[in-house]
$ cat data-v1.cif   # mmCIF, C-alpha atoms
data_protein
loop_
_atom_site.group_PDB
_atom_site.id
_atom_site.type_symbol
_atom_site.label_atom_id
_atom_site.label_comp_id
_atom_site.auth_asym_id
_atom_site.auth_seq_id
_atom_site.Cartn_x
_atom_site.Cartn_y
_atom_site.Cartn_z
ATOM 1 C CA CYS L 239 -1.429 9.738 20.491
ATOM 2 C CA GLU L 240 -3.634 11.892 18.314
ATOM 3 C CA VAL L 241 -6.781 10.734 16.553
ATOM 4 C CA LEU L 242 -8.363 12.026 13.388
ATOM 5 C CA TYR L 243 -11.930 10.761 13.354
ATOM 6 C CA ALA L 244 -12.842 10.685 9.653
ATOM 7 C CA SER L 245 -16.399 10.355 8.384
ATOM 8 C CA SER L 246 -17.313 8.407 5.257
ATOM 9 C CA TYR L 247 -17.431 11.698 3.374
ATOM 10 C CA ASP L 248 -13.690 12.189 3.827
ATOM 11 C CA LEU L 249 -12.517 9.251 1.715
ATOM 12 C CA GLY L 250 -10.152 9.915 -1.194
ATOM 13 C CA GLU L 251 -7.308 12.360 -1.713
ATOM 14 C CA LEU L 252 -7.352 16.041 -0.859
ATOM 15 C CA GLY L 253 -5.083 18.662 -2.346
ATOM 16 C CA PHE L 254 -3.539 21.363 -0.161
ATOM 17 C CA ASP L 255 -1.725 24.651 -0.391
ATOM 18 C CA GLY L 256 1.503 25.201 1.501
ATOM 19 C CA GLU L 257 4.479 23.098 2.438
ATOM 20 C CA ILE L 258 5.050 20.121 4.729
ATOM 21 C CA THR L 259 8.317 20.238 6.648
ATOM 22 C CA ILE L 260 9.514 17.164 8.540
ATOM 23 C CA GLY L 261 11.305 18.087 11.767
ATOM 24 C CA HIS L 262 14.866 17.177 12.696
ATOM 25 C CA ASN L 263 15.372 13.481 13.522
ATOM 26 C CA VAL L 264 11.734 12.664 12.714
ATOM 27 C CA GLU L 265 11.341 9.232 11.117
ATOM 28 C CA THR L 266 7.864 8.580 9.721
ATOM 29 C CA ALA L 267 5.954 5.394 8.993
ATOM 30 C CA TYR L 268 2.498 5.020 7.469
ATOM 31 C CA PHE L 269 -0.068 2.222 7.508
ATOM 32 C CA ALA L 270 -3.123 2.203 5.249
ATOM 33 C CA GLN L 271 -5.633 -0.540 4.549
ATOM 34 C CA HIS L 272 -3.936 -1.240 1.208
ATOM 35 C CA GLU L 273 -0.467 -1.459 2.782
ATOM 36 C CA ALA L 274 -0.334 -5.240 2.267
ATOM 37 C CA GLN L 275 0.013 -4.633 -1.473
ATOM 38 C CA SER L 276 3.480 -3.141 -0.919
ATOM 39 C CA LEU L 277 4.972 -6.381 0.431
ATOM 40 C CA ASP L 278 7.642 -8.136 -1.645
ATOM 41 C CA GLU L 279 5.951 -11.360 -2.746
ATOM 42 C CA ASN L 280 9.262 -13.169 -3.232
ATOM 43 C CA LEU L 281 10.337 -12.867 0.398
ATOM 44 C CA THR L 282 9.295 -15.176 3.205
ATOM 45 C CA VAL L 283 7.396 -13.949 6.246
ATOM 46 C CA PHE L 284 10.561 -14.106 8.351
ATOM 47 C CA GLN L 285 12.671 -12.281 5.732
ATOM 48 C CA THR L 286 10.081 -9.511 5.492
ATOM 49 C CA ILE L 287 10.395 -8.774 9.198
ATOM 50 C CA ASP L 288 14.117 -9.514 9.442
ATOM 51 C CA ASN L 289 14.755 -6.799 6.836
ATOM 52 C CA VAL L 290 13.292 -4.043 9.042
ATOM 53 C CA ALA L 291 13.930 -5.180 12.633
ATOM 54 C CA THR L 292 16.845 -3.482 14.404
ATOM 55 C CA GLY L 293 18.587 -3.684 17.778
ATOM 56 C CA ASP L 294 17.322 -5.940 20.547
ATOM 57 C CA ILE L 295 14.002 -6.443 18.762
ATOM 58 C CA ARG L 296 15.786 -8.821 16.366
ATOM 59 C CA LEU L 297 16.070 -11.309 19.229
ATOM 60 C CA ARG L 298 12.271 -11.335 19.513
ATOM 61 C CA ILE L 299 11.322 -11.766 15.845
ATOM 62 C CA ARG L 300 10.226 -15.400 16.255
ATOM 63 C CA ASP L 301 8.168 -14.544 19.345
ATOM 64 C CA ILE L 302 6.517 -11.591 17.621
ATOM 65 C CA LEU L 303 5.685 -13.639 14.534
ATOM 66 C CA GLY L 304 4.247 -16.348 16.760
ATOM 67 C CA ALA L 305 2.007 -13.820 18.515
ATOM 68 C CA PHE L 306 0.579 -12.873 15.103
ATOM 69 C CA MET L 307 0.056 -16.542 14.203
ATOM 70 C CA PHE L 308 3.174 -16.827 12.019
ATOM 71 C CA GLY L 309 4.952 -19.265 14.291
ATOM 72 C CA GLY L 310 6.942 -22.332 13.198
ATOM 73 C CA GLU L 311 6.717 -23.282 9.529
ATOM 74 C CA ALA L 312 4.329 -20.394 8.830
ATOM 75 C CA SER L 313 7.265 -17.975 9.163
ATOM 76 C CA GLU L 314 8.902 -19.612 6.137
ATOM 77 C CA LYS L 315 5.913 -19.115 3.836
ATOM 78 C CA LYS L 316 6.414 -16.887 0.812
ATOM 79 C CA VAL L 317 4.375 -13.698 0.879
ATOM 80 C CA LYS L 318 2.823 -14.580 -2.488
ATOM 81 C CA VAL L 319 0.968 -17.576 -0.988
ATOM 82 C CA LEU L 320 -0.506 -15.630 1.953
ATOM 83 C CA SER L 321 -4.180 -14.749 2.166
ATOM 84 C CA GLY L 322 -5.312 -11.128 2.268
ATOM 85 C CA GLY L 323 -5.745 -11.222 6.046
ATOM 86 C CA GLU L 324 -2.299 -12.771 6.538
ATOM 87 C CA ARG L 325 -0.712 -10.087 4.381
ATOM 88 C CA SER L 326 -2.413 -7.369 6.433
ATOM 89 C CA ARG L 327 -1.052 -8.890 9.638
ATOM 90 C CA LEU L 328 2.442 -9.070 8.168
ATOM 91 C CA ALA L 329 2.279 -5.462 6.927
ATOM 92 C CA MET L 330 1.273 -4.304 10.403
ATOM 93 C CA ILE L 331 4.129 -6.228 12.064
ATOM 94 C CA ARG L 332 6.590 -4.703 9.598
ATOM 95 C CA LEU L 333 5.350 -1.199 10.338
ATOM 96 C CA LEU L 334 5.460 -1.621 14.124
ATOM 97 C CA LEU L 335 9.063 -2.821 13.973
ATOM 98 C CA GLU L 336 10.376 -0.070 11.701
ATOM 99 C CA PRO L 337 12.678 2.468 13.421
ATOM 100 C CA CYS L 338 10.313 5.464 13.457
ATOM 101 C CA ASN L 339 9.002 8.056 15.906
ATOM 102 C CA LEU L 340 6.014 9.380 13.928
ATOM 103 C CA LEU L 341 3.412 6.800 12.927
ATOM 104 C CA ILE L 342 0.327 7.527 10.840
ATOM 105 C CA LEU L 343 -2.179 4.690 11.133
ATOM 106 C CA ASP L 344 -5.300 4.529 8.955
ATOM 107 C CA GLU L 345 -7.892 2.124 10.454
ATOM 108 C CA PRO L 346 -5.159 -0.178 11.812
ATOM 109 C CA PHE L 347 -7.628 -2.638 13.399
ATOM 110 C CA SER L 348 -9.738 -3.205 10.299
ATOM 111 C CA GLY L 349 -9.846 -6.867 9.309
ATOM 112 C CA PHE L 350 -8.107 -8.147 12.448
ATOM 113 C CA ASP L 351 -9.653 -10.596 14.896
ATOM 114 C CA PRO L 352 -9.927 -9.458 18.553
ATOM 115 C CA VAL L 353 -6.717 -11.247 19.600
ATOM 116 C CA ASN L 354 -4.547 -9.620 16.923
ATOM 117 C CA ALA L 355 -6.274 -6.257 17.382
ATOM 118 C CA GLN L 356 -5.315 -6.330 21.059
ATOM 119 C CA ILE L 357 -1.709 -7.166 20.187
ATOM 120 C CA ILE L 358 -1.631 -4.160 17.872
ATOM 121 C CA ARG L 359 -3.064 -1.947 20.635
ATOM 122 C CA GLU L 360 -0.350 -3.115 23.013
ATOM 123 C CA GLU L 361 2.361 -2.358 20.444
ATOM 124 C CA ILE L 362 0.909 1.109 19.832
ATOM 125 C CA LEU L 363 0.957 1.789 23.577
ATOM 126 C CA ARG L 364 4.540 0.520 23.771
ATOM 127 C CA LEU L 365 5.630 2.921 21.031
ATOM 128 C CA LYS L 366 3.727 5.739 22.719
ATOM 129 C CA ASP L 367 5.496 5.018 26.017
ATOM 130 C CA GLU L 368 8.818 5.132 24.161
ATOM 131 C CA GLY L 369 8.057 8.675 23.002
ATOM 132 C CA ALA L 370 6.609 8.136 19.524
ATOM 133 C CA THR L 371 3.893 10.418 18.165
ATOM 134 C CA ILE L 372 1.004 8.461 16.678
ATOM 135 C CA ILE L 373 -1.723 9.857 14.447
ATOM 136 C CA LEU L 374 -4.630 7.420 14.375
ATOM 137 C CA SER L 375 -7.444 7.727 11.837
ATOM 138 C CA THR L 376 -10.363 5.586 12.952
ATOM 139 C CA HIS L 377 -14.123 5.246 13.346
ATOM 140 C CA ASN L 378 -13.687 3.083 16.461
ATOM 141 C CA MET L 379 -14.242 5.389 19.421
ATOM 142 C CA GLU L 380 -13.472 2.657 21.965
ATOM 143 C CA SER L 381 -9.929 2.521 20.573
ATOM 144 C CA VAL L 382 -9.760 6.307 20.697
ATOM 145 C CA GLU L 383 -10.574 6.390 24.419
ATOM 146 C CA GLU L 384 -8.093 3.599 25.141
ATOM 147 C CA LEU L 385 -5.152 4.855 23.094
ATOM 148 C CA CYS L 386 -5.360 8.579 22.498
ATOM 149 C CA ASP L 387 -4.643 11.748 24.429
ATOM 150 C CA ASN L 388 -6.203 14.196 21.945
ATOM 151 C CA ILE L 389 -9.070 14.050 19.467
ATOM 152 C CA ALA L 390 -9.907 15.907 16.264
ATOM 153 C CA LEU L 391 -13.312 14.999 14.807
ATOM 154 C CA ILE L 392 -13.384 15.717 11.066
ATOM 155 C CA ASN L 393 -16.514 15.979 8.939
ATOM 156 C CA LYS L 394 -16.331 16.966 5.265
ATOM 157 C CA SER L 395 -12.716 18.153 5.694
ATOM 158 C CA ARG L 396 -13.574 20.394 8.656
ATOM 159 C CA VAL L 397 -12.608 19.912 12.306
ATOM 160 C CA VAL L 398 -15.868 20.084 14.293
ATOM 161 C CA ILE L 399 -14.564 18.868 17.685
ATOM 162 C CA SER L 400 -11.039 18.950 19.081
ATOM 163 C CA GLY L 401 -9.392 18.683 22.464
ATOM 164 C CA GLY L 402 -8.086 16.259 25.062
ATOM 165 C CA VAL L 403 -9.946 12.974 25.542
ATOM 166 C CA ASP L 404 -10.725 13.758 29.200
ATOM 167 C CA GLU L 405 -11.888 17.253 28.259
ATOM 168 C CA ILE L 406 -14.171 15.916 25.526
ATOM 169 C CA ARG L 407 -15.550 13.254 27.883
ATOM 170 C CA ARG L 408 -16.372 15.888 30.529
ATOM 171 C CA LYS L 409 -17.885 18.270 28.007
ATOM 172 C CA TYR L 410 -20.094 15.745 26.251
ATOM 173 C CA GLY L 411 -20.671 13.342 29.115
ATOM 174 C CA ASN L 412 -24.393 14.117 29.561
ATOM 175 C CA ASN L 413 -27.208 12.905 27.311
ATOM 176 C CA ASN L 414 -27.777 16.137 25.387
ATOM 177 C CA VAL L 415 -25.669 17.534 22.552
ATOM 178 C CA GLU L 416 -25.955 20.710 20.515
ATOM 179 C CA LEU L 417 -25.588 20.240 16.780
ATOM 180 C CA ILE L 418 -25.155 23.087 14.316
ATOM 181 C CA TYR L 419 -25.612 21.895 10.763
ATOM 182 C CA THR L 420 -26.426 23.087 7.264
ATOM 183 C CA SER L 421 -29.160 21.390 5.249
ATOM 184 C CA ALA L 422 -32.175 22.222 3.109
ATOM 185 C CA MET L 423 -34.112 19.569 5.018
ATOM 186 C CA PRO L 424 -34.349 19.323 8.819
ATOM 187 C CA LEU L 425 -32.767 16.455 10.691
ATOM 188 C CA ALA L 426 -35.065 13.587 11.642
ATOM 189 C CA ALA L 427 -35.061 11.807 15.001
ATOM 190 C CA ALA L 428 -33.479 8.352 14.853
ATOM 191 C CA SER L 429 -35.143 5.552 16.789
ATOM 192 C CA GLY L 430 -32.778 3.969 19.292
ATOM 193 C CA VAL L 431 -30.129 6.661 18.716
ATOM 194 C CA PHE L 432 -31.401 10.168 19.508
ATOM 195 C CA ASN L 433 -34.522 12.264 20.033
ATOM 196 C CA LEU L 434 -34.789 15.720 18.513
ATOM 197 C CA LEU L 435 -35.565 18.169 21.341
ATOM 198 C CA SER L 436 -35.357 21.350 19.259
ATOM 199 C CA ASP L 437 -34.237 22.509 15.829
ATOM 200 C CA LYS L 438 -34.002 26.203 14.970
ATOM 201 C CA ASP L 439 -33.693 26.904 11.246
ATOM 202 C CA GLU L 440 -32.164 30.171 10.018
ATOM 203 C CA ALA L 441 -32.011 30.096 6.220
ATOM 204 C CA GLY L 442 -30.780 26.527 6.089
ATOM 205 C CA ARG L 443 -28.401 26.831 9.066
ATOM 206 C CA HIS L 444 -29.848 24.752 11.881
ATOM 207 C CA THR L 445 -29.139 24.755 15.611
ATOM 208 C CA ALA L 446 -30.504 21.560 17.110
ATOM 209 C CA VAL L 447 -30.467 19.951 20.553
ATOM 210 C CA LEU L 448 -30.390 16.160 20.495
ATOM 211 C CA GLU L 449 -31.079 13.802 23.381
ATOM 212 C CA ILE L 450 -28.988 10.644 23.168
ATOM 213 C CA VAL L 451 -31.069 7.551 23.854
ATOM 214 C CA ASP L 452 -29.857 5.260 26.652
ATOM 215 C CA GLY L 453 -27.515 2.648 25.208
ATOM 216 C CA ALA L 454 -26.433 4.842 22.287
ATOM 217 C CA SER L 455 -23.193 6.822 22.118
ATOM 218 C CA THR L 456 -22.074 10.136 20.639
ATOM 219 C CA ASN L 457 -20.376 8.040 17.969
ATOM 220 C CA ASP L 458 -23.766 6.473 17.067
ATOM 221 C CA VAL L 459 -25.304 9.944 16.883
ATOM 222 C CA LEU L 460 -22.602 11.257 14.555
ATOM 223 C CA VAL L 461 -22.867 8.233 12.282
ATOM 224 C CA GLU L 462 -26.651 8.689 12.015
ATOM 225 C CA VAL L 463 -26.396 12.453 11.489
ATOM 226 C CA MET L 464 -23.890 11.996 8.658
ATOM 227 C CA ARG L 465 -26.008 9.198 7.184
ATOM 228 C CA GLN L 466 -28.810 11.723 6.814
ATOM 229 C CA GLY L 467 -26.485 13.788 4.625
ATOM 230 C CA VAL L 468 -26.308 17.052 6.577
ATOM 231 C CA SER L 469 -23.174 19.181 6.755
ATOM 232 C CA VAL L 470 -21.960 19.352 10.367
ATOM 233 C CA ASN L 471 -20.625 22.747 11.470
ATOM 234 C CA SER L 472 -20.389 22.126 15.199
ATOM 235 C CA PHE L 473 -21.114 19.303 17.626
ATOM 236 C CA LYS L 474 -20.982 19.992 21.362
#
$ encode --input "data-v1.cif" --output "C-alpha coordinates"
Amino acid sequence: CEVLYASSYDLGELGFDGEITIGHNVETAYFAQHEAQSLDENLTVFQTIDNVATGDIRLRIRDILGAFMFGGEASEKKVKVLSGGERSRLAMIRLLLEPCNLLILDEPFSGFDPVNAQIIREEILRLKDEGATIILSTHNMESVEELCDNIALINKSRVVISGGVDEIRRKYGNNNVELIYTSAMPLAAASGVFNLLSDKDEAGRHTAVLEIVDGASTNDVLVEVMRQGVSVNSFK
(Lines of atoms letter the chains of each structure in order from A and count residues from 1; the text may use other names and numbers.)
(Lines give C-alpha, C1' and ligand atoms only; values in the text may rest on other atoms or scores of the structure.)
Protein backbone atom coordinates (compact mmCIF):
# COMPACT_ATOMS: atom_id res chain seq x y z
CA CYS A 1 0.00 0.00 0.00
CA GLU A 2 1.41 3.36 -0.98
CA VAL A 3 0.37 6.69 0.49
CA LEU A 4 0.44 10.12 -1.07
CA TYR A 5 0.19 12.61 1.77
CA ALA A 6 -1.32 15.71 0.14
CA SER A 7 -1.32 19.14 1.76
CA SER A 8 -4.18 21.60 1.39
CA TYR A 9 -2.16 23.38 -1.28
CA ASP A 10 -2.42 20.38 -3.60
CA LEU A 11 -6.18 20.49 -4.18
CA GLY A 12 -7.47 20.75 -7.75
CA GLU A 13 -6.27 19.31 -11.05
CA LEU A 14 -2.71 19.29 -12.30
CA GLY A 15 -1.65 18.94 -15.90
CA PHE A 16 1.29 16.73 -16.87
CA ASP A 17 3.59 15.99 -19.75
CA GLY A 18 4.14 12.43 -20.90
CA GLU A 19 2.04 9.32 -21.17
CA ILE A 20 0.36 6.98 -18.69
CA THR A 21 0.54 3.32 -19.64
CA ILE A 22 -1.55 0.77 -17.74
CA GLY A 23 0.27 -2.56 -17.36
CA HIS A 24 -0.95 -5.93 -18.59
CA ASN A 25 -3.89 -7.35 -16.60
CA VAL A 26 -4.09 -4.24 -14.41
CA GLU A 27 -7.67 -3.37 -13.46
CA THR A 28 -8.03 0.04 -11.80
CA ALA A 29 -10.65 1.50 -9.49
CA TYR A 30 -10.83 5.01 -8.06
CA PHE A 31 -12.61 6.50 -5.06
CA ALA A 32 -12.91 10.25 -4.50
CA GLN A 33 -14.99 12.19 -2.01
CA HIS A 34 -17.49 13.04 -4.76
CA GLU A 35 -17.80 9.40 -5.88
CA ALA A 36 -21.33 9.12 -4.43
CA GLN A 37 -22.56 11.41 -7.21
CA SER A 38 -21.85 8.68 -9.78
CA LEU A 39 -24.39 6.24 -8.32
CA ASP A 40 -27.47 5.39 -10.40
CA GLU A 41 -30.34 6.93 -8.43
CA ASN A 42 -32.90 4.55 -9.92
CA LEU A 43 -31.28 1.40 -8.54
CA THR A 44 -31.76 0.01 -5.06
CA VAL A 45 -28.89 -0.41 -2.62
CA PHE A 46 -28.84 -4.16 -3.26
CA GLN A 47 -28.94 -3.75 -7.06
CA THR A 48 -26.04 -1.30 -6.93
CA ILE A 49 -23.83 -3.87 -5.24
CA ASP A 50 -25.24 -6.88 -7.07
CA ASN A 51 -24.22 -5.27 -10.37
CA VAL A 52 -20.51 -5.26 -9.46
CA ALA A 53 -20.03 -8.25 -7.13
CA THR A 54 -18.47 -11.34 -8.72
CA GLY A 55 -17.55 -14.88 -7.67
CA ASP A 56 -17.95 -16.07 -4.09
CA ILE A 57 -18.40 -12.51 -2.84
CA ARG A 58 -21.94 -12.58 -4.26
CA LEU A 59 -22.87 -15.01 -1.49
CA ARG A 60 -21.87 -12.39 1.08
CA ILE A 61 -23.65 -9.33 -0.33
CA ARG A 62 -26.34 -9.29 2.38
CA ASP A 63 -23.73 -9.68 5.12
CA ILE A 64 -21.56 -6.92 3.68
CA LEU A 65 -24.51 -4.55 3.33
CA GLY A 66 -25.51 -5.32 6.90
CA ALA A 67 -22.01 -4.47 8.14
CA PHE A 68 -22.38 -1.04 6.50
CA MET A 69 -25.82 -0.56 8.08
CA PHE A 70 -27.79 -1.47 4.93
CA GLY A 71 -29.30 -4.62 6.38
CA GLY A 72 -32.90 -5.79 5.97
CA GLU A 73 -35.31 -3.34 4.35
CA ALA A 74 -32.56 -0.72 4.02
CA SER A 75 -31.03 -2.78 1.19
CA GLU A 76 -34.18 -2.23 -0.87
CA LYS A 77 -34.07 1.57 -0.63
CA LYS A 78 -33.62 3.49 -3.87
CA VAL A 79 -30.36 5.39 -4.10
CA LYS A 80 -32.26 8.64 -4.74
CA VAL A 81 -33.73 8.61 -1.20
CA LEU A 82 -30.38 8.04 0.56
CA SER A 83 -28.65 10.74 2.57
CA GLY A 84 -25.22 12.01 1.57
CA GLY A 85 -23.51 9.83 4.18
CA GLU A 86 -25.44 6.74 3.07
CA ARG A 87 -24.47 7.35 -0.54
CA SER A 88 -20.80 7.63 0.44
CA ARG A 89 -21.01 4.31 2.27
CA LEU A 90 -22.65 2.66 -0.73
CA ALA A 91 -20.05 4.09 -3.14
CA MET A 92 -17.26 2.71 -0.96
CA ILE A 93 -18.86 -0.76 -0.81
CA ARG A 94 -19.23 -0.75 -4.59
CA LEU A 95 -15.58 0.16 -5.08
CA LEU A 96 -14.28 -2.47 -2.64
CA LEU A 97 -16.24 -5.20 -4.41
CA GLU A 98 -15.20 -4.31 -7.96
CA PRO A 99 -12.79 -6.80 -9.60
CA CYS A 100 -9.62 -4.66 -9.55
CA ASN A 101 -5.98 -4.94 -8.51
CA LEU A 102 -5.02 -1.25 -8.48
CA LEU A 103 -7.07 0.99 -6.19
CA ILE A 104 -6.64 4.74 -5.87
CA LEU A 105 -8.36 6.02 -2.74
CA ASP A 106 -8.73 9.74 -2.02
CA GLU A 107 -9.52 10.35 1.69
CA PRO A 108 -11.54 7.12 1.92
CA PHE A 109 -12.37 7.56 5.63
CA SER A 110 -13.74 11.09 5.35
CA GLY A 111 -17.32 11.32 6.61
CA PHE A 112 -17.43 7.79 8.04
CA ASP A 113 -18.08 6.99 11.69
CA PRO A 114 -15.40 4.95 13.53
CA VAL A 115 -17.23 1.64 13.02
CA ASN A 116 -17.54 2.01 9.24
CA ALA A 117 -14.03 3.45 8.96
CA GLN A 118 -12.67 0.31 10.62
CA ILE A 119 -14.64 -1.90 8.24
CA ILE A 120 -13.11 -0.03 5.32
CA ARG A 121 -9.62 -0.48 6.82
CA GLU A 122 -10.21 -4.21 7.12
CA GLU A 123 -11.35 -4.43 3.49
CA ILE A 124 -8.29 -2.48 2.34
CA LEU A 125 -6.04 -4.88 4.25
CA ARG A 126 -7.90 -7.84 2.74
CA LEU A 127 -7.31 -6.52 -0.78
CA LYS A 128 -3.68 -5.83 0.06
CA ASP A 129 -3.24 -9.41 1.30
CA GLU A 130 -4.77 -10.63 -1.96
CA GLY A 131 -2.05 -8.82 -3.92
CA ALA A 132 -3.73 -5.54 -4.85
CA THR A 133 -1.72 -2.32 -5.08
CA ILE A 134 -3.39 0.53 -3.22
CA ILE A 135 -2.53 4.21 -3.54
CA LEU A 136 -3.97 6.08 -0.57
CA SER A 137 -4.17 9.87 -0.49
CA THR A 138 -4.83 11.01 3.07
CA HIS A 139 -4.05 13.49 5.83
CA ASN A 140 -4.62 10.82 8.50
CA MET A 141 -1.18 9.60 9.52
CA GLU A 142 -2.58 6.99 11.91
CA SER A 143 -4.16 5.26 8.91
CA VAL A 144 -0.88 5.57 7.03
CA GLU A 145 1.05 3.73 9.76
CA GLU A 146 -1.63 1.04 10.00
CA LEU A 147 -2.16 0.38 6.30
CA CYS A 148 0.83 1.43 4.25
CA ASP A 149 4.26 0.07 3.43
CA ASN A 150 5.63 3.19 1.71
CA ILE A 151 5.08 6.92 2.08
CA ALA A 152 5.45 9.90 -0.25
CA LEU A 153 4.82 13.26 1.45
CA ILE A 154 3.78 15.87 -1.12
CA ASN A 155 3.80 19.63 -0.57
CA LYS A 156 2.97 22.04 -3.40
CA SER A 157 3.32 19.24 -5.99
CA ARG A 158 6.78 18.24 -4.75
CA VAL A 159 7.77 15.06 -2.90
CA VAL A 160 9.58 16.19 0.26
CA ILE A 161 9.74 12.83 2.10
CA SER A 162 9.60 9.31 0.69
CA GLY A 163 10.49 5.83 1.83
CA GLY A 164 9.25 2.82 3.77
CA VAL A 165 7.08 3.43 6.83
CA ASP A 166 9.57 1.71 9.16
CA GLU A 167 12.44 3.67 7.61
CA ILE A 168 10.61 6.97 8.04
CA ARG A 169 9.70 6.08 11.64
CA ARG A 170 13.35 5.31 12.47
CA LYS A 171 14.63 8.42 10.73
CA TYR A 172 12.20 10.86 12.28
CA GLY A 173 11.54 9.08 15.56
CA ASN A 174 13.30 11.65 17.79
CA ASN A 175 11.91 15.05 18.78
CA ASN A 176 13.98 17.18 16.39
CA VAL A 177 13.41 17.67 12.67
CA GLU A 178 15.31 19.66 10.07
CA LEU A 179 13.14 21.78 7.80
CA ILE A 180 14.39 23.46 4.65
CA TYR A 181 11.88 25.98 3.36
CA THR A 182 11.54 29.04 1.17
CA SER A 183 9.83 32.16 2.49
CA ALA A 184 10.30 35.92 2.68
CA MET A 185 9.33 35.73 6.35
CA PRO A 186 10.88 33.38 8.92
CA LEU A 187 8.86 30.58 10.46
CA ALA A 188 7.36 31.27 13.88
CA ALA A 189 7.33 28.81 16.79
CA ALA A 190 3.91 27.26 17.39
CA SER A 191 2.76 26.84 20.97
CA GLY A 192 1.95 23.23 21.78
CA VAL A 193 3.38 22.01 18.45
CA PHE A 194 7.06 22.91 18.02
CA ASN A 195 9.85 25.17 19.28
CA LEU A 196 12.21 26.84 16.84
CA LEU A 197 15.77 25.89 17.84
CA SER A 198 17.53 27.54 14.90
CA ASP A 199 16.73 29.12 11.55
CA LYS A 200 19.47 30.01 9.08
CA ASP A 201 18.34 32.33 6.29
CA GLU A 202 20.24 32.45 2.99
CA ALA A 203 18.44 34.83 0.62
CA GLY A 204 15.01 33.51 1.51
CA ARG A 205 16.04 29.83 1.68
CA HIS A 206 15.85 28.77 5.30
CA THR A 207 17.36 25.79 7.12
CA ALA A 208 15.60 25.38 10.44
CA VAL A 209 15.74 22.87 13.29
CA LEU A 210 12.43 22.33 15.06
CA GLU A 211 11.85 20.62 18.39
CA ILE A 212 8.53 18.78 18.49
CA VAL A 213 6.67 19.45 21.72
CA ASP A 214 5.66 16.40 23.77
CA GLY A 215 2.20 15.26 22.70
CA ALA A 216 2.53 16.68 19.18
CA SER A 217 3.39 14.66 16.08
CA THR A 218 5.32 15.25 12.86
CA ASN A 219 1.91 15.46 11.20
CA ASP A 220 0.97 18.35 13.55
CA VAL A 221 4.24 20.09 12.71
CA LEU A 222 3.69 19.80 8.96
CA VAL A 223 0.13 21.08 9.22
CA GLU A 224 1.30 24.12 11.22
CA VAL A 225 4.25 24.79 8.90
CA MET A 226 2.00 24.73 5.83
CA ARG A 227 -0.57 26.89 7.63
CA GLN A 228 2.11 29.55 7.94
CA GLY A 229 2.36 29.55 4.14
CA VAL A 230 6.00 28.58 3.62
CA SER A 231 7.17 26.43 0.72
CA VAL A 232 8.64 23.18 2.07
CA ASN A 233 11.75 21.93 0.24
CA SER A 234 12.82 19.22 2.66
CA PHE A 235 11.65 17.78 5.96
CA LYS A 236 13.88 15.32 7.81
$ resolve_selection --input "data-v1.cif" --expression "the PyMOL selection byres ((chain L and resi 287-302) around 8)" --output "list in words"
Val283, Phe284, Gln285, Thr286, Leu303, Gly304, Ala305, Phe306, Gly309, Ile331, Arg332, Leu335, Glu336 and Pro337 of chain L
$ resolve_selection --input "data-v1.cif" --expression "the PyMOL selection byres ((chain L and resi 343-355) around 7)" --output "NGL selection string"
:L and (268-271 or 306 or 323 or 341-342 or 356-359 or 373-376)
$ closest_residue --input "data-v1.cif" --among "L:Cys338, L:Met330, L:Ala370, L:Ala426" --to "Leu448 (chain L)" --atoms "only C-alpha atoms"
L:Ala426
$ resolve_selection --input "data-v1.cif" --expression "the PyMOL selection byres ((chain L and resi 416) around 12)" --output "count of residues only"
32
$ residues_around --input "data-v1.cif" --residues "Lys366 (chain L)" --least-positions-apart "6" --cutoff "10 Å" --atoms "only C-alpha atoms" --output "VMD selection string"
chain L and resid 239 339 to 341 360 372 385 to 386
$ atom_distance --input "data-v1.cif" --atom1 "CA of Leu277 (chain L)" --atom2 "CA of Val382 (chain L)"
28.1 Å
$ atom_distance --input "data-v1.cif" --atom1 "CA of Thr420 (chain L)" --atom2 "CA of Gly453 (chain L)"
27.2 Å
$ closest_residue --input "data-v1.cif" --among "L:Val319, L:Gly467, L:Glu384, L:Glu368" --to "Glu279 (chain L)" --atoms "all atoms listed in the file"
L:Val319
$ closest_residue --input "data-v1.cif" --among "L:Ile406, L:Ala329, L:Leu391, L:Val451" --to "Ala428 (chain L)" --atoms "all atoms listed in the file"
L:Val451
